[in-house]
Each structure stands twice: as structure tokens, then as C-alpha cells.
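> The structure under discussion is supplied below as C-alpha cells; questions concerning it will follow.
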Amino acid sequence: MEFFSFTDPNVRMVTLGSMLLGASAALVGCFTFLRQRALVGDAIAHAVLPGVCIAFLVSGDKNPWVLLIGAVIAGWVSLIAMDFITNRSKLKTDTAIGAVLSVFFGFGILLLTAIQHSGAANQAGLDKFLFGKAASMNQQDIITFSSVACFLLLLIFAFFKAFKLVSFDPDFARVIGLPVRVLEFLLSTITVLAVATGIQAVGVVLMAALLITPAAAARFWTERIQVMMLLATFFGIASGFFGSYVSYVAPSMPTGPWIVMLLSAIALISILLAPRRGLLARTRLQRNNARKMRTENILKTFYALGESTTNWQQGFTTLALQEKRAFQPAKLKRGISHLRRKGLIERNKEGLFQLTPSGFTESQRVVRLHRLWELYLSERMNMAADHVHNTAEAIEHILTPEVEQALLEELGHPIQDPHQSIIPYQSKRK
Amino acid sequence: MEAFCFILTGSFVALSCGLLGVFLILRKMAMVGDAISHAVLPGIVLAYLVSESRDTIPMLLGAAAVGVLTTLLIEWLYSKARLQMDASIGITFTWLFAIGIILISLYTGQVDLDQDCVLYGEIAYVPLDLWILPNGKMLGPGPVWITGGGFLLILGLVIFGFRGFEITTFNPEYAAAIGISTVFWHYLLMSAVSITTVISFESVGAILVVAFLIVPPATAYLLTDKLQHMLWLTALFGVLSAFFGYYLAVAIDGSIAGAMSVVAGIFLTLALLLSPKGGVLRKQKIPSRTVG
């Protein structure tokens with residue numbers, strides 16, 4: 001609880017710094033995500049390590065600006081290496097990413113261990129770059145990384161429209177005369193910068209999560225990039241806050257993994273529960289659609305059974321329905337009880353199922369759509385009459401009243417479909 | 001003797017990883033291999049905690065299971081949750097790896113692992129970790145036996161499964177048509193990658209496994225188009241990387257595994273620049289065409 005009072009100025013600094021790092025990484029990550037370069041971000045994060053070590057070896061100092069410059073240069077070199085391999089050899093993108101990632105990281109580990117073994121003064125703490133440790137940041141670190149994060153935010157605000165266009169449709173951007181190469185260079189630079197600062201919080205190994213997971217989670221909630229970026233930023237801030245809290249209550253814990261745990265939990269919740277794009281929402285929609293099709297098919301079968309005697313006021317057994325159309329027994333049963341709940345089917349005195357008046361109207365509607373569509377295909381599309389049934393079978397469940405009206409007008413309220421069956425209109429039951 | 005132990009262990013790791021890596025990069029699944037190598041970490045830690053020992057068999061079974069689980073999770077995110085592939089991979093492995101690191105931090109003392117070891121292994125301890133039978137007979141360094149056994153396992157798999165891997169890699173439709181299950185070979189490969197990761201884990205750490213999985217096969221791929229040549233070349237580059245890597249590490253007193261991956265990277269760079277087919281520094285010969 002001491003943590004939340006923020007009386008300790010150091011706690012205040014660290015928390016603010018982590019939140020800013022989380023926010024800027026998440027914001028930049030939205031572009032990385034949209035350009036489908038998540039794993040490139042991962043590779044850059046790993047590749048930054050040798051840069052940090054070389055900067056330390058050259059300067060003999062842990063000045064954050066110097067380390068940052070080393071990190072940015074190494075990040076850039078890794079980007080160039082990946083592009084070079086992909087464009088100039090037969091190796092595929094994923095191989096290029098994996099090779100650059102592991103070789104750069106191995107080089108970084110080699111340098112890091114050599115520095116540690118050399119016993120150089122003040123080298124302790126370089127290994128914090130591996131898993132991140134928000135609490136070990138000193139004031140100078142926080143000022144440096146926070147100013148970079150602010151610079152990133154400004155850059156994104158200034159070039160938002162252009163970045164958006166380049167991320168979604170670089171070809172179109174080129175056609176309307178945007179300097180695409182410059183913009184892509186800028187986007188890569190801000191990715192490298194965000195990675196180089198973000199590893200302070202989560203470390204090189206898990207940096208990909210800070211970059212990508214907020215954006216991926218946000219994507220499930222919205223179709224609009226502005227909203228997506230706001231949400232991702234919020235997730236990033238929350239994770240930065242959470243990370244510095246963990247650093248405070250459990251100093252022996254590495255911060256990065258806990259930040260990633262929170263972000264993954266957010267992502268999982270978003271994947272499952274987000275409205276419309278979420279898994280549950282989509283499953284429910286699919287189930288509803290499937291049920292709609294099933295019940296409409298049952299109604300249609302009732303109509304067809306009645307049509308042979310032009311008497312729709314008789315009851316049928318489920319067996320009779322199954323003989324007419326191959327329903328799965330369990331699904332037929334569920335469909336009928338659903339229709340009975342909706343009052344479209346009732347059980348008559350003999351215990352047989354029959355259409356209610358509103359059920360009859362509804363069955364007429366489905367059959368009408370089916371036959372109108374068949375007629376439309378054969379008359380206007382010149383399709384053979386024996387080829388139109390299957391598409392009509394699918395589209396009858398989808399056509400809206402507006403389309404129905406348009407079809408009626410287009411075909412002049414026809415009486416018969418291509419198979420010479422009567423097209424039913426709203427009328428009293430015979 | 002010490003140097004021989006290091007190089008032998010490194011070579012065994014490089015050979016097992018490389019043989020599988022060839023199929024990974026040909027199937028464009030290099031980054032899935034990367035993800036699996038990260039994701040087996042929680043499996044390893046849990047196996048330690050549950051069995052309270054380093055029993056090899058439960059560990060390997062656990063690893064194979066986690067590897068398949070990782071693949072399933074990535075595929076679930078991609079096809080069911082409709083997330084793009086790169087993000088599916090990124091989210092899956094960072095999450096599992098984070099769980100592993102947290103478990104290690106929670107059970108320090110109970111688990112004979114630390115965070116640095118996870119990253120670059122402890123190949124330097126190989127000669128110290130002697131394997132002594134209950135009757136007092138010395139068998140030499142344990143890791144050499146373990147990685148050697150792993151190598152034989154993978155070698156057997158690749159030899160006996162060669163046809164299956166080959167056909168499901170290059171011609172999955174044809175394989176399916178003649179009744180070979182691509183799914184079976186897919187998950188067999190994923191399990192083998194996880195097992196190799198676990199076997200190599202103590203020696204080179206979770207991340208440098210990736211260097212051995214991807215870099216020597218990539219180098220070989222630049223030099224040849226034939227699968228068998230590619231496997232042999234991969235083996236050659238793997239062993240050479242282990243050999244020169246060891247001496248590089250000694251020269252600058254750094255991580256042996258790190259140095260081995262740097263040497264592997266140097267070979268890749270040379271192949272990129274000088275390969276007879278499409279090397280960047282060589283003028284590409286355009287085959288002269290005759291009409292008719």
C-alpha cells in the first residue's frame with residue numbers, strides 16, 4: 001500500500017518512467033503490428049544487446065545516452081541485415097529474422113560475458129538489459145528514456161496520417177506522392193527507438209510482447225486505428241504501472257515477465273470477450289446463423305409437405321419431415337422446440353406438429369425468397385433451371401426485405417418459379 | 001581433454017539442431033522453431049519441480065508435449081482467434097517464456113536453474129558435471145552423454161523418417177494424396193524440435209539453440225539445392241562453428257555458446273557474399289538462352 005501513496009520520489013519517478021515506456025512501445029507497436037512486422041521487432045530487440053555492450057566497451061561508462069546510441073545503431077544494422085538477406089538471397093523472411101536474431105544475440109551474450117569476466121569497474125547492471133528491471137533505473141536513466149519516449153509520441157502525432165497510410169497501403173501512399181521510403185525509414189527508426197528504450201522495462205527477450213501484445217489486444221475491440229492506438233497505449237500504461245509495482249514489492253523478481261503476464265492476460269480477455277471480433281461473440285453469431293438456417297429449413301419442409309395436398313392445416317410426424325429432408329434427428333428436435341417456443345409451430349390434438357398461422361406466413365416467406373431467387377438466376381443470369389437450386393438454398397436465409405422488394409419489382413411479381421412451382425404470397429391459408 | 005569435451009558437446013547440439021533446422025527453414029517455420037525453443041522453458045521448470053530431479057525421460061516427454069502445445073496455441077490464435085501469424089507467434093512464446101522465468105524466480109533454490117543459464121547455458125561446467133555410476137565407474141561428463149544420446153535419437157529420426165519429412169516438406173498435396181499424414185509429420189517435427197531444445201538447453205541455453213537451428217541450415221541452403229547435400233553441409237558448418245567458436249570464446253574469455261553462434265553467423269555472412277549461386281559479390285551468371 002505504501003507504493004500507491006507515491007510519497008517516495010524514487011517510486012514516483014520509476015512508475016512514471018515505466019508507464020511512459022509502456023505507452024510509447026505500445027503506440028509504436030500499433031504500426032509494427034499493422035505492417036505485420038511483429039517478429040522483426042523481436043529480432044531488433046535481441047539485436048540491440050551487442051550495441052549496448054559495444055557502447056559500454058567504447059565509453060567505459062553506463063551513461064544512458066551512450067548506451068542508447070549503441071542500441072539504436074545495432075538495431076539499425078540488424079534491420080539492414082534482415083532486409084539484405086531477404087532481398088538479395090534466396091532465404092525467406094522468417095529464416096532471415098531468425099538468423100539475424102540469434103547471431104546478434106549470441107554476439108551480445110559473448111560480449112556481455114567477456115565484459116563480466118573482465119571484471120571491469122561498474123559493469124554490474126548491464127545484464128539488467130536481459131529481463132528488465134524498472135526499479136534499478138536511476139534518475140538519469142529515467143530522464144533519458146522518458147525524453148526519448150516523449151520524442152516518439154511527438155513524432156507519431158506529427159506524422160500520424162502519413163504513417164497510417166504507409167502502414168495500411170504503401171502502394172497507394174506512393175501513388176499519391178508521399179515520400180514512402182522516408183516514411184518507412186522514420187517508422188523503422190521509431191521502432192528501433194521504442195525497442196531501445198523499452199528494454200529498460202522488460203528486457204530484450206520479452207520486448208516483442210511490449211511492442212505487439214497491446215496492439216494485438218486492442219485490435220479486437222475496434223476497427224478504427226485511432227481507437228486502437230488509444231487502447232493499446234492504455235494497455236501499455238497499465239502494464240508499465242504494474243511492472244513498477246512488482247519491482248517495488250518483490251525486488252528479487254525480474255520486472256519484464258510480470259509485465260508480459262499482465263499484457264498476455266489482457267490479450268486473452270480481448271481475444272475471448274471483445275464484442276464482434278472476439279471469439280465468443282463470433283461463435284455466438286455463427287451459432288445463431290446456423291440455428292436460423294436450420295429452423296427456416298424446417299419451416300420450408302412443413303410448407304413442402306403441405307404443398308403436395310395444398311393443405312397446410314395438417315400435422316406431421318418428425319419422421320415425415322425427415323423423409324422429406326435429411327435432418328439430423330437431434331438437430332431437428334432442437335429446431336422444432338425452438339420453433340414452438342417462438343410460436344411458429346404447435347402440437348395438434350393428435351400429437352402431430354403443424355404450422356401456426358404466423359409459422360405459415362414465415363414458411364411462405366422463406367419459400368418465396370427461394371423461388372424468387374431461382375427465377376432471378378434463370379431469367380436474368382441465364383442459368384439452367386436445374387443449376388439454380390443450390391445457391392437459392394444458401395441465399396434464402398440471407399436476403400433482406402429490401403432485396404426481396406427489389407427482386408419482386410425486377411421480376412414483376414411472378415407467379416411461377418423455373419420449376420413451375422407456385423411462388424407463395426401473403427394470403428390466407430387454403 | 002577439456003577443449004575436446006566442449007567441442008564435442010557443441011557439435012552434438014549443432015548436429016541435432018541443424019538436421020531438424022533444415023526441415024524447419026524449408027517449411028518456412030524458422031520462427032516457429034524459435035518460439036518453441038522459448039516456450040519449453042516452463043515445461044522444463046515444471047518437470048524439475050514435479051520430479052525434483054533431472055530425470056531425462058519425464059523431461060523429454062514433457063518437452064515434447066509443451067512443444068506440441070505451443071504449436072497448437074499458435075495455430076489456435078491464427079485460425080480460431082484470427083490473429084495474424086507473426087503476432088500469434090510473438091504473443092505465444094513471450095507469454096510462455098515469461099511464465100518460465102517467473103517460475104524460476106519463485107522457486108530459486110528448488111530449481112537448479114538461473115535466468116542467465118536460461119539464456120546462454122552453462123557449457124563451461126560440462127567437464128565438471130561428471131557422470132558416475134553407482135558402482136563407482138566414471139563415465140565422463142554427463143552432458144556429453146546426454147547431447148550425444150540426443151544426437152543419435154535425432155539422427156535416427158531423420159534417417160528413418162527421411163522420406164516422410166521430405167515428401168511432406170516439398171509436396172504436401174502429393175503426400176496427402178498417397179495417404180501420408182502431413183499432420184503426423186508436422187507434429188513429429190515439432191516434438192523433435194522441443195526435445196532437442198531441452199537436451200541442448202543446459203549446454204547452450206534456450207536462445208542460442210535458435211542459432212544452431214537456423215543459421216547452419218540457412219548457410220547450407222545458400223550453397224546447394226539438394227536436400228541431402230544441404231543436410232551434410234549443415235552438419236559440416238555446425239561442427240566447424242562449435243570448433244572455432246570454442247577457441248574464439250577462449251581468446252576473449254566469453255560465453256562459449258555465444259561465440260559458437262557468432263562463428264555460425266560468420267559462415268552465413270561468407271555464404272551470403274561468396275556463394276557460387278547468387279553470392280552477392282559474385283556476378284550472377286545468367287544462363288544463355290537459345291531460341292527454338
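In the C-alpha cells, the first chain shown is A, the next is B, and so on; residue numbers restart at 1 for each chain, and ligands run from 1 in the order shown.
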Could you tell me, as a PDB file with all heavy atoms, in the first residue's frame, which residues of region 47-271 of chain B DSSP assigns to strand (DSSP E or B) when given the backbone?

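Result file follows (part-v6.pdb):
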ATOM      1  N   THR B 108      13.615 -20.256  -6.837  1.00  0.00           N
ATOM      2  CA  THR B 108      15.068 -20.288  -6.769  1.00  0.00           C
ATOM      3  C   THR B 108      15.439 -21.153  -5.583  1.00  0.00           C
ATOM      4  O   THR B 108      14.800 -21.124  -4.558  1.00  0.00           O
ATOM      5  CB  THR B 108      15.655 -18.881  -6.531  1.00  0.00           C
ATOM      6  OG1 THR B 108      14.670 -17.933  -6.814  1.00  0.00           O
ATOM      7  CG2 THR B 108      16.877 -18.650  -7.325  1.00  0.00           C
ATOM      8  N   VAL B 111      14.943 -25.035  -7.776  1.00  0.00           N
ATOM      9  CA  VAL B 111      15.232 -25.366  -9.169  1.00  0.00           C
ATOM     10  C   VAL B 111      16.677 -25.020  -9.448  1.00  0.00           C
ATOM     11  O   VAL B 111      17.132 -23.924  -9.161  1.00  0.00           O
ATOM     12  CB  VAL B 111      14.317 -24.566 -10.109  1.00  0.00           C
ATOM     13  CG1 VAL B 111      14.644 -24.889 -11.544  1.00  0.00           C
ATOM     14  CG2 VAL B 111      12.878 -24.873  -9.814  1.00  0.00           C
ATOM     15  N   LEU B 130      30.469 -34.590 -13.888  1.00  0.00           N
ATOM     16  CA  LEU B 130      30.831 -35.964 -14.236  1.00  0.00           C
ATOM     17  C   LEU B 130      29.688 -36.923 -13.925  1.00  0.00           C
ATOM     18  O   LEU B 130      28.942 -36.730 -12.980  1.00  0.00           O
ATOM     19  CB  LEU B 130      32.087 -36.392 -13.461  1.00  0.00           C
ATOM     20  CG  LEU B 130      33.353 -35.661 -13.894  1.00  0.00           C
ATOM     21  CD1 LEU B 130      34.518 -36.070 -13.010  1.00  0.00           C
ATOM     22  CD2 LEU B 130      33.669 -35.938 -15.354  1.00  0.00           C
ATOM     23  N   TRP B 131      29.621 -37.920 -14.746  1.00  0.00           N
ATOM     24  CA  TRP B 131      28.560 -38.911 -14.577  1.00  0.00           C
ATOM     25  C   TRP B 131      29.207 -40.161 -13.985  1.00  0.00           C
ATOM     26  O   TRP B 131      30.034 -40.812 -14.600  1.00  0.00           O
ATOM     27  CB  TRP B 131      27.922 -39.218 -15.932  1.00  0.00           C
ATOM     28  CG  TRP B 131      26.557 -39.751 -15.837  1.00  0.00           C
ATOM     29  CD1 TRP B 131      25.789 -39.859 -14.714  1.00  0.00           C
ATOM     30  CD2 TRP B 131      25.770 -40.262 -16.910  1.00  0.00           C
ATOM     31  NE1 TRP B 131      24.578 -40.376 -15.002  1.00  0.00           N
ATOM     32  CE2 TRP B 131      24.533 -40.645 -16.343  1.00  0.00           C
ATOM     33  CE3 TRP B 131      25.977 -40.441 -18.278  1.00  0.00           C
ATOM     34  CZ2 TRP B 131      23.502 -41.187 -17.114  1.00  0.00           C
ATOM     35  CZ3 TRP B 131      24.965 -40.980 -19.037  1.00  0.00           C
ATOM     36  CH2 TRP B 131      23.735 -41.347 -18.475  1.00  0.00           C
ATOM     37  N   ILE B 132      28.815 -40.507 -12.780  1.00  0.00           N
ATOM     38  CA  ILE B 132      29.451 -41.643 -12.102  1.00  0.00           C
ATOM     39  C   ILE B 132      28.386 -42.683 -11.794  1.00  0.00           C
ATOM     40  O   ILE B 132      27.356 -42.378 -11.205  1.00  0.00           O
ATOM     41  CB  ILE B 132      30.130 -41.180 -10.799  1.00  0.00           C
ATOM     42  CG1 ILE B 132      31.151 -40.085 -11.127  1.00  0.00           C
ATOM     43  CG2 ILE B 132      30.818 -42.354 -10.107  1.00  0.00           C
ATOM     44  CD1 ILE B 132      31.672 -39.357  -9.931  1.00  0.00           C
ATOM     45  N   MET B 138      33.496 -44.319 -13.574  1.00  0.00           N
ATOM     46  CA  MET B 138      33.334 -42.994 -14.168  1.00  0.00           C
ATOM     47  C   MET B 138      33.043 -43.103 -15.651  1.00  0.00           C
ATOM     48  O   MET B 138      33.703 -43.848 -16.365  1.00  0.00           O
ATOM     49  CB  MET B 138      34.617 -42.198 -13.991  1.00  0.00           C
ATOM     50  CG  MET B 138      34.845 -41.746 -12.575  1.00  0.00           C
ATOM     51  SD  MET B 138      34.910 -39.986 -12.487  1.00  0.00           S
ATOM     52  CE  MET B 138      36.471 -39.686 -13.262  1.00  0.00           C
ATOM     53  N   LEU B 139      32.019 -42.377 -16.072  1.00  0.00           N
ATOM     54  CA  LEU B 139      31.667 -42.440 -17.484  1.00  0.00           C
ATOM     55  C   LEU B 139      32.059 -41.165 -18.220  1.00  0.00           C
ATOM     56  O   LEU B 139      31.834 -41.034 -19.397  1.00  0.00           O
ATOM     57  CB  LEU B 139      30.161 -42.661 -17.642  1.00  0.00           C
ATOM     58  CG  LEU B 139      29.679 -44.081 -17.380  1.00  0.00           C
ATOM     59  CD1 LEU B 139      28.185 -44.143 -17.500  1.00  0.00           C
ATOM     60  CD2 LEU B 139      30.338 -45.053 -18.346  1.00  0.00           C
ATOM     61  N   GLY B 140      32.603 -40.200 -17.503  1.00  0.00           N
ATOM     62  CA  GLY B 140      32.944 -38.935 -18.144  1.00  0.00           C
ATOM     63  C   GLY B 140      31.808 -37.948 -17.971  1.00  0.00           C
ATOM     64  O   GLY B 140      30.824 -38.226 -17.282  1.00  0.00           O
ATOM     65  N   PRO B 141      31.925 -36.789 -18.607  1.00  0.00           N
ATOM     66  CA  PRO B 141      30.952 -35.710 -18.393  1.00  0.00           C
ATOM     67  C   PRO B 141      29.544 -36.098 -18.831  1.00  0.00           C
ATOM     68  O   PRO B 141      29.351 -36.563 -19.950  1.00  0.00           O
ATOM     69  CB  PRO B 141      31.485 -34.575 -19.261  1.00  0.00           C
ATOM     70  CG  PRO B 141      32.890 -34.931 -19.558  1.00  0.00           C
ATOM     71  CD  PRO B 141      32.983 -36.414 -19.526  1.00  0.00           C
TER      72      PRO B 141
END
> With a distance cut-off of 10 Å and only C-alpha atoms, select the neighbouring residues of Thr391 (chain A), excluding the residue or stretch itself and same-chain residues fewer than 6 positions from it, and output the selection as a PyMOL selection string.
chain A and resi 370+373-374+377
> Write out the residues from the selection above, keeping N, CA and C atoms, as a PDB file, in the first residue's frame.

ATOM      1  N   HIS A 370     -36.702 -18.255 -51.825  1.00  0.00           N
ATOM      2  CA  HIS A 370     -36.023 -19.329 -52.547  1.00  0.00           C
ATOM      3  C   HIS A 370     -36.437 -19.325 -54.026  1.00  0.00           C
ATOM      4  N   TRP A 373     -35.418 -16.218 -56.044  1.00  0.00           N
ATOM      5  CA  TRP A 373     -34.002 -16.226 -56.390  1.00  0.00           C
ATOM      6  C   TRP A 373     -33.742 -17.178 -57.543  1.00  0.00           C
ATOM      7  N   GLU A 374     -34.388 -18.351 -57.511  1.00  0.00           N
ATOM      8  CA  GLU A 374     -34.230 -19.303 -58.615  1.00  0.00           C
ATOM      9  C   GLU A 374     -34.666 -18.680 -59.934  1.00  0.00           C
ATOM     10  N   LEU A 377     -32.145 -16.061 -61.104  1.00  0.00           N
ATOM     11  CA  LEU A 377     -30.941 -16.664 -61.706  1.00  0.00           C
ATOM     12  C   LEU A 377     -31.235 -17.192 -63.100  1.00  0.00           C
TER      13      LEU A 377
END
> So, with only C-alpha atoms as the atoms that count, which of A:Gly29, A:Pro254, A:Gly315, A:Gly335 lies closest to Asn288 (chain A)?
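Of A:Gly29, A:Pro254, A:Gly315, A:Gly335, the one nearest Asn288 (chain A) is A:Gly335, counting only C-alpha atoms.
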> Considering only C-alpha atoms, tabulate each residue of chain A that lies at most 6 Å from chain B along with its nearest interatomic pair and the corresponding distance in Å to one decimal; arrange the rows by chain and ascending residue number and present them as a tab-separated table.

residue	atom	partner	partner_atom	distance
A:Ala38	CA	B:Asp86	CA	5.5
A:Leu39	CA	B:Asp86	CA	5.9
A:Asp94	CA	B:Ala30	CA	5.7
A:Thr95	CA	B:Ala30	CA	5.4
A:Ala99	CA	B:Val215	CA	5.3
A:Ser102	CA	B:Ala211	CA	4.8
A:Val103	CA	B:Gly265	CA	5.5
A:Gly106	CA	B:Gly258	CA	4.1
A:Phe107	CA	B:Val262	CA	5.5
A:Ile109	CA	B:Gly258	CA	5.5
A:Leu110	CA	B:Gly258	CA	4.7
A:Thr113	CA	B:Gly254	CA	4.8
A:Ala114	CA	B:Gly254	CA	4.1
A:Leu206	CA	B:Thr94	CA	5.7
A:Pro257	CA	B:Ala98	CA	4.3
A:Leu279	CA	B:Ala81	CA	5.9
> Could the residues in this selection be saved with N, CA, C and O atoms as a PDB file, in the first residue's frame?

ATOM      1  N   ALA A  38       5.813  -7.995 -36.491  1.00  0.00           N
ATOM      2  CA  ALA A  38       5.970  -8.283 -35.071  1.00  0.00           C
ATOM      3  C   ALA A  38       7.300  -8.974 -34.781  1.00  0.00           C
ATOM      4  O   ALA A  38       8.013  -8.611 -33.840  1.00  0.00           O
ATOM      5  N   LEU A  39       7.645  -9.954 -35.617  1.00  0.00           N
ATOM      6  CA  LEU A  39       8.851 -10.713 -35.334  1.00  0.00           C
ATOM      7  C   LEU A  39      10.102  -9.919 -35.676  1.00  0.00           C
ATOM      8  O   LEU A  39      11.161 -10.148 -35.111  1.00  0.00           O
ATOM      9  N   ASP A  94      11.356 -15.422 -42.719  1.00  0.00           N
ATOM     10  CA  ASP A  94      11.423 -15.964 -41.359  1.00  0.00           C
ATOM     11  C   ASP A  94      12.818 -16.469 -41.035  1.00  0.00           C
ATOM     12  O   ASP A  94      13.309 -16.280 -39.926  1.00  0.00           O
ATOM     13  N   THR A  95      13.487 -17.066 -42.032  1.00  0.00           N
ATOM     14  CA  THR A  95      14.857 -17.515 -41.801  1.00  0.00           C
ATOM     15  C   THR A  95      15.771 -16.321 -41.546  1.00  0.00           C
ATOM     16  O   THR A  95      16.621 -16.359 -40.648  1.00  0.00           O
ATOM     17  N   ALA A  99      17.839 -15.904 -38.163  1.00  0.00           N
ATOM     18  CA  ALA A  99      19.297 -15.914 -38.212  1.00  0.00           C
ATOM     19  C   ALA A  99      19.866 -14.641 -37.612  1.00  0.00           C
ATOM     20  O   ALA A  99      20.769 -14.675 -36.770  1.00  0.00           O
ATOM     21  N   SER A 102      19.363 -14.553 -33.747  1.00  0.00           N
ATOM     22  CA  SER A 102      20.174 -15.417 -32.898  1.00  0.00           C
ATOM     23  C   SER A 102      21.657 -15.065 -32.983  1.00  0.00           C
ATOM     24  O   SER A 102      22.364 -15.129 -31.980  1.00  0.00           O
ATOM     25  N   VAL A 103      22.118 -14.673 -34.176  1.00  0.00           N
ATOM     26  CA  VAL A 103      23.540 -14.353 -34.282  1.00  0.00           C
ATOM     27  C   VAL A 103      23.858 -13.061 -33.528  1.00  0.00           C
ATOM     28  O   VAL A 103      24.817 -12.993 -32.759  1.00  0.00           O
ATOM     29  N   GLY A 106      23.671 -13.855 -29.880  1.00  0.00           N
ATOM     30  CA  GLY A 106      24.839 -14.612 -29.460  1.00  0.00           C
ATOM     31  C   GLY A 106      26.057 -13.709 -29.322  1.00  0.00           C
ATOM     32  O   GLY A 106      26.818 -13.812 -28.350  1.00  0.00           O
ATOM     33  N   PHE A 107      26.212 -12.797 -30.273  1.00  0.00           N
ATOM     34  CA  PHE A 107      27.316 -11.835 -30.221  1.00  0.00           C
ATOM     35  C   PHE A 107      27.201 -10.980 -28.955  1.00  0.00           C
ATOM     36  O   PHE A 107      28.176 -10.752 -28.233  1.00  0.00           O
ATOM     37  N   ILE A 109      25.696 -11.765 -26.163  1.00  0.00           N
ATOM     38  CA  ILE A 109      25.996 -12.593 -24.988  1.00  0.00           C
ATOM     39  C   ILE A 109      27.504 -12.783 -24.853  1.00  0.00           C
ATOM     40  O   ILE A 109      28.060 -12.708 -23.749  1.00  0.00           O
ATOM     41  N   LEU A 110      28.164 -13.009 -25.999  1.00  0.00           N
ATOM     42  CA  LEU A 110      29.626 -13.173 -25.966  1.00  0.00           C
ATOM     43  C   LEU A 110      30.278 -11.932 -25.366  1.00  0.00           C
ATOM     44  O   LEU A 110      31.109 -12.025 -24.464  1.00  0.00           O
ATOM     45  N   THR A 113      29.357 -11.511 -21.537  1.00  0.00           N
ATOM     46  CA  THR A 113      30.101 -12.388 -20.635  1.00  0.00           C
ATOM     47  C   THR A 113      31.574 -11.976 -20.590  1.00  0.00           C
ATOM     48  O   THR A 113      32.193 -12.013 -19.526  1.00  0.00           O
ATOM     49  N   ALA A 114      32.111 -11.559 -21.729  1.00  0.00           N
ATOM     50  CA  ALA A 114      33.503 -11.123 -21.731  1.00  0.00           C
ATOM     51  C   ALA A 114      33.672  -9.912 -20.816  1.00  0.00           C
ATOM     52  O   ALA A 114      34.646  -9.822 -20.054  1.00  0.00           O
ATOM     53  N   LEU A 206      11.845 -10.268 -23.922  1.00  0.00           N
ATOM     54  CA  LEU A 206      10.386 -10.166 -23.924  1.00  0.00           C
ATOM     55  C   LEU A 206       9.891  -8.868 -24.555  1.00  0.00           C
ATOM     56  O   LEU A 206       8.706  -8.558 -24.509  1.00  0.00           O
ATOM     57  N   PRO A 257       8.944 -10.233 -17.090  1.00  0.00           N
ATOM     58  CA  PRO A 257       7.963 -11.316 -17.183  1.00  0.00           C
ATOM     59  C   PRO A 257       6.605 -10.956 -16.591  1.00  0.00           C
ATOM     60  O   PRO A 257       5.575 -11.376 -17.128  1.00  0.00           O
ATOM     61  N   LEU A 279     -13.782 -14.061 -29.826  1.00  0.00           N
ATOM     62  CA  LEU A 279     -14.100 -15.440 -30.169  1.00  0.00           C
ATOM     63  C   LEU A 279     -15.515 -15.820 -29.748  1.00  0.00           C
ATOM     64  O   LEU A 279     -16.265 -16.432 -30.507  1.00  0.00           O
TER      65      LEU A 279
END
> What does the structure give for the distance between CA of Leu272 (chain A) and CA of Gly67 (chain B), in Å to one decimal?
23.3 Å
> Between CA of Gln354 (chain A) and CA of Ala320 (chain A), what is the distance, to one decimal in Å?
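We find that CA of Gln354 (chain A) and CA of Ala320 (chain A) lie 11.8 Å from each other.
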> Do you have the CA of Gly43 (chain B)-CA of Ala208 (chain A) distance handy?
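So the two atoms, CA of Gly43 (chain B) and CA of Ala208 (chain A), lie 21.1 Å apart.
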> Residues at most 12 Å from Ala250 (chain A), counting only C-alpha atoms, excluding those fewer than 2 positions away in the same chain, as a PyMOL selection string?
(chain A and resi 3+133-135+242-248+252-255+258) or (chain B and resi 102+105-106)
> Name the residues of region 165-334 of chain A that fall into alpha helix (DSSP H) according to DSSP on the backbone, using the chain letters and numbers of this document, as a ChimeraX atom specification.
/A:165-168,170-175,180-202,207-219,225-249,255-273,279-307,318-324,329-334
